[in-house]
$ cat start24.cif   # mmCIF, N, CA and C atoms
data_upload
#
loop_
_atom_site.label_atom_id
_atom_site.label_comp_id
_atom_site.auth_asym_id
_atom_site.auth_seq_id
_atom_site.Cartn_x
_atom_site.Cartn_y
_atom_site.Cartn_z
N MET A 1 15.35 15.44 18.59
CA MET A 1 13.93 15.60 18.90
C MET A 1 13.34 14.25 19.28
N ILE A 2 12.75 14.18 20.44
CA ILE A 2 12.10 12.95 20.90
C ILE A 2 10.63 13.01 20.51
N LEU A 3 10.19 11.97 19.84
CA LEU A 3 8.81 11.90 19.39
C LEU A 3 7.94 11.33 20.50
N PRO A 4 6.68 11.77 20.59
CA PRO A 4 5.78 11.25 21.63
C PRO A 4 5.44 9.77 21.40
N TRP A 5 5.22 9.07 22.49
CA TRP A 5 4.93 7.63 22.43
C TRP A 5 3.73 7.32 21.56
N HIS A 6 2.72 8.21 21.53
CA HIS A 6 1.51 7.92 20.76
C HIS A 6 1.78 8.00 19.26
N LEU A 7 2.81 8.73 18.86
CA LEU A 7 3.20 8.75 17.46
C LEU A 7 3.82 7.39 17.08
N TYR A 8 4.63 6.85 17.98
CA TYR A 8 5.19 5.52 17.76
C TYR A 8 4.09 4.47 17.71
N LEU A 9 3.10 4.61 18.58
CA LEU A 9 1.97 3.69 18.58
C LEU A 9 1.23 3.74 17.25
N MET A 10 0.96 4.95 16.77
CA MET A 10 0.26 5.10 15.49
C MET A 10 1.08 4.45 14.38
N ALA A 11 2.36 4.74 14.35
CA ALA A 11 3.23 4.18 13.31
C ALA A 11 3.21 2.65 13.37
N PHE A 12 3.33 2.10 14.55
CA PHE A 12 3.31 0.65 14.74
C PHE A 12 2.01 0.05 14.22
N LEU A 13 0.88 0.68 14.53
CA LEU A 13 -0.42 0.16 14.11
C LEU A 13 -0.57 0.18 12.59
N TYR A 14 -0.10 1.25 11.95
CA TYR A 14 -0.19 1.31 10.48
C TYR A 14 0.75 0.31 9.82
N ILE A 15 1.94 0.14 10.36
CA ILE A 15 2.87 -0.85 9.80
C ILE A 15 2.28 -2.25 9.95
N LEU A 16 1.74 -2.54 11.11
CA LEU A 16 1.12 -3.85 11.36
C LEU A 16 -0.06 -4.09 10.42
N ALA A 17 -0.92 -3.08 10.28
CA ALA A 17 -2.07 -3.20 9.38
C ALA A 17 -1.61 -3.39 7.94
N GLY A 18 -0.58 -2.66 7.55
CA GLY A 18 -0.06 -2.79 6.19
C GLY A 18 0.49 -4.18 5.93
N LEU A 19 1.23 -4.72 6.88
CA LEU A 19 1.77 -6.07 6.73
C LEU A 19 0.65 -7.10 6.62
N ASN A 20 -0.43 -6.85 7.32
CA ASN A 20 -1.57 -7.77 7.30
C ASN A 20 -2.21 -7.85 5.90
N HIS A 21 -2.09 -6.79 5.11
CA HIS A 21 -2.60 -6.80 3.73
C HIS A 21 -1.90 -7.88 2.92
N PHE A 22 -0.67 -8.19 3.27
CA PHE A 22 0.11 -9.19 2.54
C PHE A 22 -0.02 -10.58 3.17
N ARG A 23 -0.28 -10.61 4.47
CA ARG A 23 -0.48 -11.88 5.16
C ARG A 23 -1.83 -12.50 4.84
N LYS A 24 -2.87 -11.65 4.83
CA LYS A 24 -4.25 -12.11 4.61
C LYS A 24 -4.93 -11.24 3.57
N PRO A 25 -4.47 -11.28 2.33
CA PRO A 25 -5.01 -10.39 1.30
C PRO A 25 -6.50 -10.60 1.04
N GLY A 26 -6.97 -11.84 1.15
CA GLY A 26 -8.38 -12.12 0.89
C GLY A 26 -9.32 -11.32 1.77
N MET A 27 -8.90 -11.10 3.00
CA MET A 27 -9.72 -10.35 3.95
C MET A 27 -9.94 -8.91 3.45
N TYR A 28 -8.91 -8.32 2.90
CA TYR A 28 -9.01 -6.94 2.44
C TYR A 28 -9.66 -6.86 1.07
N ILE A 29 -9.36 -7.80 0.21
CA ILE A 29 -9.95 -7.82 -1.12
C ILE A 29 -11.47 -7.95 -1.02
N LYS A 30 -11.93 -8.70 -0.03
CA LYS A 30 -13.35 -8.93 0.18
C LYS A 30 -14.12 -7.65 0.50
N ILE A 31 -13.45 -6.66 1.09
CA ILE A 31 -14.16 -5.44 1.51
C ILE A 31 -14.02 -4.29 0.51
N ILE A 32 -13.32 -4.53 -0.59
CA ILE A 32 -13.20 -3.49 -1.62
C ILE A 32 -14.47 -3.50 -2.45
N PRO A 33 -15.17 -2.38 -2.52
CA PRO A 33 -16.44 -2.33 -3.27
C PRO A 33 -16.23 -2.75 -4.73
N PRO A 34 -17.22 -3.44 -5.30
CA PRO A 34 -17.09 -3.92 -6.68
C PRO A 34 -16.91 -2.81 -7.71
N ALA A 35 -17.29 -1.59 -7.37
CA ALA A 35 -17.12 -0.47 -8.30
C ALA A 35 -15.64 -0.19 -8.57
N PHE A 36 -14.78 -0.60 -7.67
CA PHE A 36 -13.34 -0.40 -7.84
C PHE A 36 -12.76 -1.59 -8.59
N LYS A 37 -12.09 -1.31 -9.67
CA LYS A 37 -11.49 -2.37 -10.47
C LYS A 37 -10.13 -2.77 -9.89
N ASN A 38 -9.74 -4.00 -10.16
CA ASN A 38 -8.45 -4.55 -9.76
C ASN A 38 -8.24 -4.51 -8.23
N PRO A 39 -9.10 -5.20 -7.48
CA PRO A 39 -8.99 -5.18 -6.01
C PRO A 39 -7.66 -5.73 -5.48
N LYS A 40 -7.04 -6.66 -6.20
CA LYS A 40 -5.74 -7.18 -5.74
C LYS A 40 -4.69 -6.07 -5.73
N PHE A 41 -4.68 -5.27 -6.80
CA PHE A 41 -3.72 -4.16 -6.87
C PHE A 41 -4.03 -3.11 -5.80
N ILE A 42 -5.31 -2.83 -5.59
CA ILE A 42 -5.70 -1.85 -4.56
C ILE A 42 -5.24 -2.33 -3.19
N ASN A 43 -5.38 -3.63 -2.93
CA ASN A 43 -4.93 -4.18 -1.65
C ASN A 43 -3.42 -4.01 -1.48
N ILE A 44 -2.67 -4.33 -2.52
CA ILE A 44 -1.20 -4.19 -2.45
C ILE A 44 -0.82 -2.73 -2.24
N LEU A 45 -1.46 -1.85 -2.99
CA LEU A 45 -1.16 -0.41 -2.91
C LEU A 45 -1.47 0.14 -1.52
N SER A 46 -2.65 -0.21 -0.99
CA SER A 46 -3.00 0.33 0.33
C SER A 46 -2.15 -0.28 1.43
N GLY A 47 -1.80 -1.55 1.32
CA GLY A 47 -0.92 -2.18 2.31
C GLY A 47 0.46 -1.56 2.30
N ALA A 48 1.01 -1.37 1.10
CA ALA A 48 2.33 -0.74 0.98
C ALA A 48 2.30 0.69 1.51
N ALA A 49 1.22 1.41 1.20
CA ALA A 49 1.09 2.79 1.68
C ALA A 49 1.08 2.83 3.21
N GLU A 50 0.36 1.92 3.84
CA GLU A 50 0.32 1.90 5.31
C GLU A 50 1.70 1.64 5.90
N ILE A 51 2.44 0.71 5.31
CA ILE A 51 3.78 0.39 5.81
C ILE A 51 4.71 1.59 5.63
N ILE A 52 4.72 2.15 4.43
CA ILE A 52 5.62 3.29 4.14
C ILE A 52 5.26 4.50 5.00
N LEU A 53 3.97 4.81 5.09
CA LEU A 53 3.56 5.97 5.89
C LEU A 53 3.85 5.74 7.37
N GLY A 54 3.70 4.51 7.84
CA GLY A 54 4.02 4.20 9.23
C GLY A 54 5.50 4.42 9.52
N ILE A 55 6.35 3.99 8.60
CA ILE A 55 7.80 4.20 8.77
C ILE A 55 8.12 5.69 8.73
N PHE A 56 7.57 6.38 7.74
CA PHE A 56 7.85 7.82 7.59
C PHE A 56 7.31 8.64 8.75
N LEU A 57 6.31 8.11 9.45
CA LEU A 57 5.73 8.83 10.58
C LEU A 57 6.74 9.02 11.71
N VAL A 58 7.66 8.09 11.88
CA VAL A 58 8.62 8.20 12.99
C VAL A 58 9.92 8.90 12.60
N LEU A 59 10.03 9.28 11.35
CA LEU A 59 11.21 10.05 10.93
C LEU A 59 10.86 11.53 11.03
N PRO A 60 11.55 12.27 11.89
CA PRO A 60 11.17 13.67 12.13
C PRO A 60 11.05 14.52 10.86
N PHE A 61 11.88 14.27 9.87
CA PHE A 61 11.85 15.10 8.67
C PHE A 61 10.75 14.70 7.69
N THR A 62 10.05 13.58 7.95
CA THR A 62 8.95 13.17 7.07
C THR A 62 7.63 12.98 7.81
N SER A 63 7.62 13.12 9.12
CA SER A 63 6.41 12.80 9.89
C SER A 63 5.22 13.68 9.49
N ASN A 64 5.47 14.94 9.21
CA ASN A 64 4.40 15.85 8.80
C ASN A 64 3.75 15.35 7.51
N TYR A 65 4.57 15.00 6.52
CA TYR A 65 4.04 14.51 5.23
C TYR A 65 3.35 13.16 5.40
N ALA A 66 3.91 12.30 6.25
CA ALA A 66 3.30 11.00 6.49
C ALA A 66 1.93 11.15 7.14
N ALA A 67 1.80 12.09 8.06
CA ALA A 67 0.50 12.32 8.71
C ALA A 67 -0.53 12.76 7.68
N TRP A 68 -0.14 13.66 6.77
CA TRP A 68 -1.06 14.07 5.70
C TRP A 68 -1.39 12.87 4.81
N GLY A 69 -0.40 12.05 4.54
CA GLY A 69 -0.62 10.86 3.73
C GLY A 69 -1.60 9.89 4.38
N ILE A 70 -1.50 9.75 5.69
CA ILE A 70 -2.43 8.88 6.41
C ILE A 70 -3.84 9.43 6.34
N ILE A 71 -3.98 10.74 6.44
CA ILE A 71 -5.31 11.35 6.31
C ILE A 71 -5.90 11.04 4.95
N VAL A 72 -5.11 11.22 3.90
CA VAL A 72 -5.58 10.92 2.54
C VAL A 72 -5.93 9.43 2.43
N LEU A 73 -5.09 8.58 2.98
CA LEU A 73 -5.34 7.14 2.94
C LEU A 73 -6.65 6.78 3.65
N LEU A 74 -6.86 7.35 4.82
CA LEU A 74 -8.10 7.07 5.57
C LEU A 74 -9.34 7.51 4.79
N LEU A 75 -9.23 8.63 4.11
CA LEU A 75 -10.36 9.07 3.27
C LEU A 75 -10.55 8.14 2.09
N ALA A 76 -9.44 7.66 1.52
CA ALA A 76 -9.51 6.79 0.35
C ALA A 76 -10.11 5.42 0.68
N VAL A 77 -9.88 4.92 1.88
CA VAL A 77 -10.40 3.60 2.24
C VAL A 77 -11.79 3.67 2.89
N PHE A 78 -12.30 4.86 3.07
CA PHE A 78 -13.63 4.98 3.69
C PHE A 78 -14.71 4.21 2.91
N PRO A 79 -14.68 4.20 1.57
CA PRO A 79 -15.69 3.41 0.85
C PRO A 79 -15.69 1.93 1.24
N ALA A 80 -14.54 1.38 1.59
CA ALA A 80 -14.48 -0.02 2.02
C ALA A 80 -15.22 -0.20 3.34
N ASN A 81 -15.07 0.74 4.26
CA ASN A 81 -15.79 0.67 5.54
C ASN A 81 -17.29 0.80 5.32
N LEU A 82 -17.68 1.67 4.43
CA LEU A 82 -19.09 1.85 4.10
C LEU A 82 -19.64 0.58 3.45
N TYR A 83 -18.87 -0.01 2.55
CA TYR A 83 -19.27 -1.24 1.88
C TYR A 83 -19.44 -2.38 2.90
N MET A 84 -18.55 -2.44 3.88
CA MET A 84 -18.67 -3.46 4.93
C MET A 84 -19.99 -3.30 5.68
N PHE A 85 -20.37 -2.07 5.93
CA PHE A 85 -21.62 -1.81 6.65
C PHE A 85 -22.83 -2.18 5.80
N GLN A 86 -22.76 -1.92 4.51
CA GLN A 86 -23.90 -2.12 3.62
C GLN A 86 -24.03 -3.56 3.13
N ASN A 87 -22.94 -4.30 3.07
CA ASN A 87 -22.94 -5.63 2.47
C ASN A 87 -22.64 -6.68 3.52
N LYS A 88 -23.60 -7.55 3.77
CA LYS A 88 -23.46 -8.55 4.83
C LYS A 88 -22.24 -9.44 4.64
N LYS A 89 -21.97 -9.86 3.40
CA LYS A 89 -20.83 -10.72 3.12
C LYS A 89 -19.50 -10.02 3.43
N ALA A 90 -19.41 -8.76 3.06
CA ALA A 90 -18.18 -7.99 3.28
C ALA A 90 -17.98 -7.65 4.75
N GLY A 91 -19.05 -7.74 5.54
CA GLY A 91 -18.98 -7.38 6.95
C GLY A 91 -18.51 -8.49 7.86
N PHE A 92 -18.08 -9.63 7.30
CA PHE A 92 -17.53 -10.74 8.09
C PHE A 92 -18.47 -11.21 9.19
N SER A 93 -19.75 -11.04 9.00
CA SER A 93 -20.77 -11.45 9.98
C SER A 93 -20.62 -10.73 11.32
N LEU A 94 -19.96 -9.60 11.30
CA LEU A 94 -19.87 -8.79 12.52
C LEU A 94 -21.23 -8.14 12.79
N PRO A 95 -21.55 -7.88 14.04
CA PRO A 95 -22.81 -7.18 14.33
C PRO A 95 -22.84 -5.82 13.63
N ARG A 96 -24.02 -5.46 13.16
CA ARG A 96 -24.16 -4.20 12.41
C ARG A 96 -23.74 -3.00 13.25
N TRP A 97 -23.94 -3.03 14.54
CA TRP A 97 -23.57 -1.87 15.36
C TRP A 97 -22.05 -1.67 15.35
N ILE A 98 -21.28 -2.75 15.30
CA ILE A 98 -19.82 -2.62 15.23
C ILE A 98 -19.42 -2.01 13.90
N LEU A 99 -20.05 -2.48 12.83
CA LEU A 99 -19.75 -1.95 11.50
C LEU A 99 -20.15 -0.48 11.41
N PHE A 100 -21.22 -0.12 12.11
CA PHE A 100 -21.65 1.28 12.12
C PHE A 100 -20.67 2.16 12.90
N VAL A 101 -20.20 1.66 14.02
CA VAL A 101 -19.26 2.41 14.85
C VAL A 101 -17.94 2.64 14.12
N ARG A 102 -17.57 1.71 13.24
CA ARG A 102 -16.33 1.86 12.47
C ARG A 102 -16.36 3.09 11.58
N LEU A 103 -17.54 3.50 11.13
CA LEU A 103 -17.62 4.63 10.20
C LEU A 103 -17.12 5.93 10.84
N PRO A 104 -17.69 6.36 11.98
CA PRO A 104 -17.16 7.59 12.58
C PRO A 104 -15.76 7.41 13.18
N LEU A 105 -15.37 6.16 13.45
CA LEU A 105 -14.02 5.91 13.96
C LEU A 105 -12.96 6.40 12.97
N GLN A 106 -13.27 6.34 11.66
CA GLN A 106 -12.35 6.85 10.65
C GLN A 106 -12.01 8.32 10.92
N PHE A 107 -13.00 9.08 11.33
CA PHE A 107 -12.78 10.51 11.59
C PHE A 107 -11.95 10.72 12.85
N VAL A 108 -12.08 9.83 13.81
CA VAL A 108 -11.22 9.89 15.00
C VAL A 108 -9.77 9.61 14.59
N LEU A 109 -9.58 8.63 13.71
CA LEU A 109 -8.23 8.33 13.23
C LEU A 109 -7.66 9.48 12.40
N ILE A 110 -8.52 10.13 11.63
CA ILE A 110 -8.09 11.30 10.86
C ILE A 110 -7.65 12.41 11.81
N TYR A 111 -8.42 12.64 12.85
CA TYR A 111 -8.06 13.67 13.84
C TYR A 111 -6.74 13.32 14.52
N TRP A 112 -6.55 12.05 14.84
CA TRP A 112 -5.30 11.61 15.48
C TRP A 112 -4.12 11.92 14.55
N ALA A 113 -4.25 11.58 13.28
CA ALA A 113 -3.16 11.86 12.33
C ALA A 113 -2.95 13.37 12.17
N TYR A 114 -4.03 14.11 12.20
CA TYR A 114 -3.93 15.57 12.02
C TYR A 114 -3.07 16.22 13.10
N GLN A 115 -3.01 15.60 14.26
CA GLN A 115 -2.21 16.14 15.37
C GLN A 115 -0.72 16.25 15.01
N TYR A 116 -0.30 15.51 13.97
CA TYR A 116 1.12 15.46 13.62
C TYR A 116 1.40 16.16 12.29
N THR A 117 0.48 16.98 11.84
CA THR A 117 0.66 17.66 10.54
C THR A 117 1.37 19.01 10.66
N PHE A 118 1.71 19.41 11.84
CA PHE A 118 2.40 20.71 11.98
C PHE A 118 3.61 20.59 12.88
#

$ encode --input "start24.cif" --output "structure tokens"
Amino acid sequence: MILPWHLYLMAFLYILAGLNHFRKPGMYIKIIPPAFKNPKFINILSGAAEIILGIFLVLPFTSNYAAWGIIVLLLAVFPANLYMFQNKKAGFSLPRWILFVRLPLQFVLIYWAYQYTF
């Protein structure tokens, strides 16, 4: 079974993002809302999840489960995107309109992952 190129693209992007959690942990720790305890562990967990799900996405016998996992992950990290929008320090001084656009972008990414759940 040959997988579509956009599935490989998605997998590559998640693996790259996951690796970045370990390269620049401070960037991710900064956007974890203070209500969540142990931000260092959350960063490691979410980075590892992105790498593992990205790898599993390209394996035909696990791609369905990986796509569902990515959907769950995107929902789980949504509070960080919201926190970035609400908190100037967490927003890396990005323009507010960019931070606002990131919020519905999560749902576009969820829809993209959903395409591979069946």

$ resolve_selection --input "start24.cif" --expression "the PyMOL selection byres ((chain A and resi 15) around 6.5)" --output "PyMOL selection string"
chain A and resi 10-14+16-20+50-52+54-55

$ resolve_selection --input "start24.cif" --expression "the PyMOL selection byres ((chain A and resi 118) around 8)" --output "ChimeraX atom specification"
/A:63-65,67-68,113-117

$ select_by_dssp --input "start24.cif" --residues "range 6-103 of chain A" --states "alpha helix (DSSP H)" --output "PyMOL selection string"
chain A and resi 6-23+25-29+39-57+63-86+96-103

$ residues_near_point --input "start24.cif" --point "(-18.2, -5.1, 2.4)" --cutoff "8 Å" --atoms "all atoms listed in the file" --output "list in words"
Lys30, Ile31, Ile32, Pro33, Pro34, Pro79, Ala80, Asn81, Leu82, Tyr83, Met84, Phe85, Gln86, Asn87, Lys88, Lys89, Ala90, Gly91 and Phe92 of chain A

$ write_last_selection --input "start24.cif" --atoms "N, CA and C atoms" --output "PDB file, keeping the file's coordinate frame"
ATOM      1  N   LYS A  30     -11.930  -8.700  -0.030  1.00  0.00           N
ATOM      2  CA  LYS A  30     -13.350  -8.930   0.180  1.00  0.00           C
ATOM      3  C   LYS A  30     -14.120  -7.650   0.500  1.00  0.00           C
ATOM      4  N   ILE A  31     -13.450  -6.660   1.090  1.00  0.00           N
ATOM      5  CA  ILE A  31     -14.160  -5.440   1.510  1.00  0.00           C
ATOM      6  C   ILE A  31     -14.020  -4.290   0.510  1.00  0.00           C
ATOM      7  N   ILE A  32     -13.320  -4.530  -0.590  1.00  0.00           N
ATOM      8  CA  ILE A  32     -13.200  -3.490  -1.620  1.00  0.00           C
ATOM      9  C   ILE A  32     -14.470  -3.500  -2.450  1.00  0.00           C
ATOM     10  N   PRO A  33     -15.170  -2.380  -2.520  1.00  0.00           N
ATOM     11  CA  PRO A  33     -16.440  -2.330  -3.270  1.00  0.00           C
ATOM     12  C   PRO A  33     -16.230  -2.750  -4.730  1.00  0.00           C
ATOM     13  N   PRO A  34     -17.220  -3.440  -5.300  1.00  0.00           N
ATOM     14  CA  PRO A  34     -17.090  -3.920  -6.680  1.00  0.00           C
ATOM     15  C   PRO A  34     -16.910  -2.810  -7.710  1.00  0.00           C
ATOM     16  N   PRO A  79     -14.680   4.200   1.570  1.00  0.00           N
ATOM     17  CA  PRO A  79     -15.690   3.410   0.850  1.00  0.00           C
ATOM     18  C   PRO A  79     -15.690   1.930   1.240  1.00  0.00           C
ATOM     19  N   ALA A  80     -14.540   1.380   1.590  1.00  0.00           N
ATOM     20  CA  ALA A  80     -14.480  -0.020   2.020  1.00  0.00           C
ATOM     21  C   ALA A  80     -15.220  -0.200   3.340  1.00  0.00           C
ATOM     22  N   ASN A  81     -15.070   0.740   4.260  1.00  0.00           N
ATOM     23  CA  ASN A  81     -15.790   0.670   5.540  1.00  0.00           C
ATOM     24  C   ASN A  81     -17.290   0.800   5.320  1.00  0.00           C
ATOM     25  N   LEU A  82     -17.680   1.670   4.430  1.00  0.00           N
ATOM     26  CA  LEU A  82     -19.090   1.850   4.100  1.00  0.00           C
ATOM     27  C   LEU A  82     -19.640   0.580   3.450  1.00  0.00           C
ATOM     28  N   TYR A  83     -18.870  -0.010   2.550  1.00  0.00           N
ATOM     29  CA  TYR A  83     -19.270  -1.240   1.880  1.00  0.00           C
ATOM     30  C   TYR A  83     -19.440  -2.380   2.900  1.00  0.00           C
ATOM     31  N   MET A  84     -18.550  -2.440   3.880  1.00  0.00           N
ATOM     32  CA  MET A  84     -18.670  -3.460   4.930  1.00  0.00           C
ATOM     33  C   MET A  84     -19.990  -3.300   5.680  1.00  0.00           C
ATOM     34  N   PHE A  85     -20.370  -2.070   5.930  1.00  0.00           N
ATOM     35  CA  PHE A  85     -21.620  -1.810   6.650  1.00  0.00           C
ATOM     36  C   PHE A  85     -22.830  -2.180   5.800  1.00  0.00           C
ATOM     37  N   GLN A  86     -22.760  -1.920   4.510  1.00  0.00           N
ATOM     38  CA  GLN A  86     -23.900  -2.120   3.620  1.00  0.00           C
ATOM     39  C   GLN A  86     -24.030  -3.560   3.130  1.00  0.00           C
ATOM     40  N   ASN A  87     -22.940  -4.300   3.070  1.00  0.00           N
ATOM     41  CA  ASN A  87     -22.940  -5.630   2.470  1.00  0.00           C
ATOM     42  C   ASN A  87     -22.640  -6.680   3.520  1.00  0.00           C
ATOM     43  N   LYS A  88     -23.600  -7.550   3.770  1.00  0.00           N
ATOM     44  CA  LYS A  88     -23.460  -8.550   4.830  1.00  0.00           C
ATOM     45  C   LYS A  88     -22.240  -9.440   4.640  1.00  0.00           C
ATOM     46  N   LYS A  89     -21.970  -9.860   3.400  1.00  0.00           N
ATOM     47  CA  LYS A  89     -20.830 -10.720   3.120  1.00  0.00           C
ATOM     48  C   LYS A  89     -19.500 -10.020   3.430  1.00  0.00           C
ATOM     49  N   ALA A  90     -19.410  -8.760   3.060  1.00  0.00           N
ATOM     50  CA  ALA A  90     -18.180  -7.990   3.280  1.00  0.00           C
ATOM     51  C   ALA A  90     -17.980  -7.650   4.750  1.00  0.00           C
ATOM     52  N   GLY A  91     -19.050  -7.740   5.540  1.00  0.00           N
ATOM     53  CA  GLY A  91     -18.980  -7.380   6.950  1.00  0.00           C
ATOM     54  C   GLY A  91     -18.510  -8.490   7.860  1.00  0.00           C
ATOM     55  N   PHE A  92     -18.080  -9.630   7.300  1.00  0.00           N
ATOM     56  CA  PHE A  92     -17.530 -10.740   8.090  1.00  0.00           C
ATOM     57  C   PHE A  92     -18.470 -11.210   9.190  1.00  0.00           C
TER      58      PHE A  92
END

$ atom_distance --input "start24.cif" --atom1 "atom C of Leu9 in chain A" --atom2 "CA of Ser46 in chain A"
17.8 Å

$ decode --input "start24.cif" --residues "range 43-54 of chain A" --atoms "N, CA and C atoms" --output "JSON list (two decimals), in the first residue's frame"
[["chain", "number", "residue", "atom", "x", "y", "z"],
["A", 43, "ASN", "N", 6.21, 19.08, 28.58],
["A", 43, "ASN", "CA", 6.96, 19.33, 27.35],
["A", 43, "ASN", "C", 7.57, 18.03, 26.81],
["A", 44, "ILE", "N", 8.19, 17.26, 27.68],
["A", 44, "ILE", "CA", 8.81, 15.99, 27.26],
["A", 44, "ILE", "C", 7.74, 15.04, 26.73],
["A", 45, "LEU", "N", 6.64, 14.94, 27.45],
["A", 45, "LEU", "CA", 5.55, 14.04, 27.05],
["A", 45, "LEU", "C", 4.96, 14.43, 25.70],
["A", 46, "SER", "N", 4.69, 15.73, 25.52],
["A", 46, "SER", "CA", 4.09, 16.14, 24.24],
["A", 46, "SER", "C", 5.08, 16.02, 23.09],
["A", 47, "GLY", "N", 6.35, 16.30, 23.34],
["A", 47, "GLY", "CA", 7.37, 16.14, 22.29],
["A", 47, "GLY", "C", 7.53, 14.69, 21.88],
["A", 48, "ALA", "N", 7.60, 13.81, 22.88],
["A", 48, "ALA", "CA", 7.71, 12.38, 22.59],
["A", 48, "ALA", "C", 6.48, 11.87, 21.85],
["A", 49, "ALA", "N", 5.30, 12.35, 22.26],
["A", 49, "ALA", "CA", 4.06, 11.94, 21.60],
["A", 49, "ALA", "C", 4.07, 12.36, 20.13],
["A", 50, "GLU", "N", 4.52, 13.57, 19.84],
["A", 50, "GLU", "CA", 4.57, 14.02, 18.45],
["A", 50, "GLU", "C", 5.50, 13.15, 17.61],
["A", 51, "ILE", "N", 6.66, 12.82, 18.17],
["A", 51, "ILE", "CA", 7.62, 11.98, 17.43],
["A", 51, "ILE", "C", 7.05, 10.59, 17.19],
["A", 52, "ILE", "N", 6.53, 9.98, 18.24],
["A", 52, "ILE", "CA", 5.98, 8.62, 18.13],
["A", 52, "ILE", "C", 4.78, 8.58, 17.18],
["A", 53, "LEU", "N", 3.88, 9.54, 17.33],
["A", 53, "LEU", "CA", 2.69, 9.56, 16.46],
["A", 53, "LEU", "C", 3.09, 9.83, 15.02],
["A", 54, "GLY", "N", 4.09, 10.68, 14.81],
["A", 54, "GLY", "CA", 4.57, 10.95, 13.46],
["A", 54, "GLY", "C", 5.13, 9.69, 12.80]]
